[in-house]
Every structure is written in structure tokens, then in C-alpha cells.
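Everything below belongs to my_file.tsv, which stores TSV, C-alpha atoms.
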chain	number	residue	atom	x	y	z
A	1	MET	CA	6.58	64.32	31.91
A	2	ILE	CA	5.87	62.11	34.89
A	3	ASP	CA	7.38	62.49	38.34
A	4	LEU	CA	7.01	59.72	40.88
A	5	LEU	CA	7.21	60.69	44.52
A	6	VAL	CA	7.89	57.38	46.23
A	7	GLY	CA	8.36	56.37	49.82
A	8	GLN	CA	6.68	54.48	52.61
A	9	LYS	CA	3.33	55.60	53.94
A	10	GLY	CA	3.54	58.43	56.47
A	11	LEU	CA	6.67	60.16	55.17
A	12	GLY	CA	5.00	63.41	54.07
A	13	LYS	CA	4.23	62.78	50.40
A	14	THR	CA	0.81	64.47	50.66
A	15	LYS	CA	2.34	67.58	52.20
A	16	LYS	CA	4.91	67.68	49.41
A	17	LEU	CA	2.14	67.34	46.76
A	18	VAL	CA	0.24	70.26	48.30
A	19	GLU	CA	3.40	72.39	48.20
A	20	LEU	CA	4.01	71.40	44.56
A	21	ALA	CA	0.41	72.14	43.57
A	22	ASN	CA	0.55	75.60	45.14
A	23	GLU	CA	3.92	76.30	43.52
A	24	ARG	CA	2.82	75.12	40.07
A	25	THR	CA	-0.45	77.05	40.08
A	26	SER	CA	1.49	80.29	40.49
A	27	LYS	CA	3.49	79.46	37.34
A	28	SER	CA	0.74	77.83	35.25
A	29	ASP	CA	-1.24	79.50	32.47
A	30	GLY	CA	-3.87	76.78	32.80
A	31	THR	CA	-5.40	74.48	35.39
A	32	VAL	CA	-3.56	72.56	38.08
A	33	VAL	CA	-5.48	69.52	39.35
A	34	LEU	CA	-4.84	67.62	42.59
A	35	VAL	CA	-6.51	64.23	42.90
A	36	ALA	CA	-6.81	62.91	46.46
A	37	LYS	CA	-8.95	60.37	48.31
A	38	GLU	CA	-11.15	63.05	49.83
A	39	ASN	CA	-11.65	66.81	49.74
A	40	ASN	CA	-9.96	67.41	53.09
A	41	LEU	CA	-7.05	69.39	51.58
A	42	THR	CA	-9.24	72.34	50.54
A	43	PHE	CA	-7.82	74.79	53.06
A	44	ASP	CA	-4.20	73.82	52.32
A	45	LEU	CA	-4.42	74.58	48.62
A	46	ALA	CA	-4.37	77.84	46.71
A	47	HIS	CA	-7.89	78.70	45.53
A	48	SER	CA	-6.90	78.17	41.88
A	49	VAL	CA	-5.93	74.50	42.38
A	50	ARG	CA	-8.73	72.17	41.33
A	51	LEU	CA	-9.12	69.52	44.05
A	52	ILE	CA	-10.90	66.31	43.08
A	53	GLY	CA	-11.88	63.88	45.82
A	54	ILE	CA	-11.87	60.51	44.13
A	55	LYS	CA	-13.69	58.61	46.88
A	56	ASP	CA	-17.11	59.27	45.34
A	57	TYR	CA	-16.11	57.82	41.96
A	58	ASP	CA	-15.65	54.21	43.15
A	59	ILE	CA	-12.19	53.81	41.60
A	60	ASP	CA	-10.32	50.86	43.03
A	61	ASP	CA	-7.62	49.99	40.49
A	62	PHE	CA	-5.12	51.58	38.14
A	63	MET	CA	-7.25	51.04	35.02
A	64	GLY	CA	-10.13	52.93	36.62
A	65	LEU	CA	-7.76	55.72	37.63
A	66	TYR	CA	-6.31	55.80	34.10
A	67	GLY	CA	-9.78	56.29	32.62
A	68	PHE	CA	-10.53	58.98	35.17
A	69	ILE	CA	-7.32	60.89	34.36
A	70	CYS	CA	-8.06	60.59	30.61
A	71	GLY	CA	-11.48	62.09	31.32
A	72	VAL	CA	-9.94	65.00	33.23
A	73	CYS	CA	-7.60	65.67	30.29
A	74	ALA	CA	-10.36	65.33	27.68
A	75	GLY	CA	-12.79	67.53	29.58
A	76	ASN	CA	-10.34	70.32	30.37
A	77	TYR	CA	-8.18	71.47	27.47
A	78	ASP	CA	-6.11	73.80	29.67
A	79	VAL	CA	-4.80	71.30	32.26
A	80	THR	CA	-1.05	71.79	32.68
A	81	ASP	CA	-0.39	69.74	35.82
A	82	ILE	CA	-2.04	66.77	37.50
A	83	LEU	CA	-0.89	65.68	40.93
A	84	ILE	CA	-2.21	62.42	42.36
A	85	ASP	CA	-1.96	61.59	46.04
A	86	SER	CA	-1.41	58.05	47.30
A	87	ILE	CA	-4.97	56.86	46.77
A	88	PHE	CA	-4.32	53.12	46.99
A	89	GLU	CA	-3.19	51.29	50.09
A	90	PRO	CA	0.42	50.01	49.89
A	91	ASP	CA	-0.60	46.37	50.31
A	92	LYS	CA	-3.01	46.63	47.34
A	93	ILE	CA	-0.45	47.96	44.85
A	94	ASN	CA	0.66	45.50	42.20
A	95	ILE	CA	4.00	46.76	40.87
A	96	ASP	CA	3.42	45.37	37.35
A	97	GLU	CA	0.05	47.13	37.14
A	98	LEU	CA	1.63	50.33	38.45
A	99	VAL	CA	4.32	50.19	35.76
A	100	SER	CA	1.75	49.57	33.01
A	101	PHE	CA	-0.38	52.44	34.34
A	102	ILE	CA	2.56	54.85	34.30
A	103	GLU	CA	3.67	53.79	30.82
A	104	ARG	CA	0.16	54.47	29.51
A	105	LEU	CA	-0.03	57.80	31.32
A	106	ALA	CA	3.36	58.83	29.90
A	107	ARG	CA	1.86	58.75	26.39
A	108	ILE	CA	-1.16	60.83	27.47
A	109	CYS	CA	1.07	63.38	29.24
A	110	GLN	CA	3.36	63.69	26.24
A	111	ASN	CA	0.49	64.14	23.78
A	112	SER	CA	-1.30	66.64	26.03
A	113	ASP	CA	1.81	68.45	27.32
A	114	ILE	CA	0.83	67.73	30.93
A	115	THR	CA	3.15	67.27	33.87
A	116	LEU	CA	1.92	64.48	36.12
A	117	THR	CA	3.19	63.94	39.64
A	118	LEU	CA	2.15	60.73	41.33
A	119	ALA	CA	2.75	59.92	45.00
A	120	VAL	CA	3.07	56.18	45.49
A	121	PRO	CA	3.55	54.48	48.86
A	122	VAL	CA	6.25	52.05	47.71
A	123	VAL	CA	9.96	51.76	48.35
A	124	ILE	CA	12.06	52.88	45.39
A	125	THR	CA	13.96	49.56	45.35
A	126	ASP	CA	10.67	47.74	44.65
A	127	LEU	CA	10.32	49.49	41.29
A	128	PRO	CA	11.83	47.94	38.16
A	129	GLY	CA	14.70	49.67	36.39
A	130	ARG	CA	12.60	50.44	33.33
A	131	MET	CA	10.59	52.92	35.40
A	132	GLN	CA	13.46	55.38	35.16
A	133	SER	CA	13.03	55.60	31.38
A	134	VAL	CA	9.37	56.59	31.80
A	135	ALA	CA	9.31	58.68	34.97
A	136	GLU	CA	11.64	60.69	37.13
A	137	LEU	CA	11.83	58.97	40.51
A	138	LYS	CA	12.03	61.14	43.61
A	139	GLU	CA	12.36	59.39	46.93
A	140	HIS	CA	10.71	61.15	49.83

Encoded form using C-alpha cells:
Amino acid sequence: MIDLLVGQKGLGKTKKLVELANERTSKSDGTVVLVAKENNLTFDLAHSVRLIGIKDYDIDDFMGLYGFICGVCAGNYDVTDILIDSIFEPDKINIDELVSFIERLARICQNSDITLTLAVPVVITDLPGRMQSVAELKEH
């Protein structure tokens, strides 16, 4: 399952992801992973949440992020939840690439039984209607 947390930059999506990560780790029998730009959320997260700062991996597009997420899933058999903060700037997000990325991730999540929550700094009206068949959209 994929949840999209959408809304303009600065509306509190990161705070909501931290809350979700802490909530899910208390209910998970496996590993909850939060992917963010940097490791500056360490003190906000429960100690059992795995925080990955993506800045050091030189990922600058959705295909690179897709490969990274596949690697996290392949390397950790017990991942139950992956939460991804808004790691790309709003002006660098191509909606068609975002849709393709999410469609590909939906297959990975279904096959691996992983819940993925992705915070994206876009307005919900900018997303095509077919997104609703792949992900649950939550405006924040």
C-alpha cells in the first residue's frame, strides 16, 4: 500500500511523517525506515525507527530513489514500513516521473507487503486522476 502525503512546502509534512513513523514502530513486528535528506530527525524518532539520510548517496531523481528503495527492501527482509520525506525540491518534481515512480513502487510494496508513505511537496490538484488507483492521497 502507498500513501501520499501531499501539500505545499512548509505545511508540516515532515512532522506528520515523524509521528507516523513513531506510531508504526510501536505496532510493527519488523523494521520501520524513515528516509530523509539528512539525519537531523534522530532525536524526534523512537530509537527503533531506522533513519536513513539520503544526502550522502547522491540521489537526484526518482529512478535513483527507486533503486535505493529496492535496495532497502532487498537488504532487509523484515521491513514493514518505509516513510520518505520530501527529498526533492518542488520546482524539480516532474509529475509524470513521480507517477511512474509511484506505479513502480506500488508493485514492490505489494510483493513485499510493505506500507510506503511518501511526502511530496505538490498540490493535490496537480496530480492526475490515475494516482488514486495506485495510492491513497492525503492532503496536509

* Taking all atoms listed in the file into account, which of A:Gly129, A:Gly12, A:Gly30, A:Gly67 comes nearest Asp113 (chain A)? ->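 Going through A:Gly129, A:Gly12, A:Gly30, A:Gly67 one by one, the smallest distance to Asp113 (chain A) is for A:Gly30.
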
Would you kindly return, as a JSON list (two decimals) with C-alpha atoms, in the coordinates of the input, each protein, DNA or RNA residue with an atom no farther than 9 Å from any atom of Asp61 (chain A), considering all atoms listed in the file and excluding same-chain residues fewer than 4 positions away?
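The file below, around_25.json, is the result:
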[["chain", "number", "residue", "atom", "x", "y", "z"],
["A", 65, "LEU", "CA", -7.76, 55.72, 37.63],
["A", 66, "TYR", "CA", -6.31, 55.80, 34.10],
["A", 88, "PHE", "CA", -4.32, 53.12, 46.99],
["A", 92, "LYS", "CA", -3.01, 46.63, 47.34],
["A", 93, "ILE", "CA", -0.45, 47.96, 44.85],
["A", 97, "GLU", "CA", 0.05, 47.13, 37.14]]

* **Of the listed residues A:Lys37, A:Gln8, A:Thr125, A:Val79, that which approaches Ile95 (chain A) most closely, counting all atoms listed in the file** => A:Thr125

* Asked: Which protein, DNA or RNA residues have an atom at most 12 Å from (-1.0, 60.5, 25.3), counting only C-alpha atoms? List them as number ranges by chain.
  -> A: 1-2, 66, 69-70, 73-74, 102-116

* Could you check which of A:Gly75, A:Pro128, A:Gly64, A:Gly53 is closest to Asn39 (chain A), using all atoms listed in the file? =>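 Of A:Gly75, A:Pro128, A:Gly64, A:Gly53, the one nearest Asn39 (chain A) is A:Gly53, counting all atoms listed in the file.
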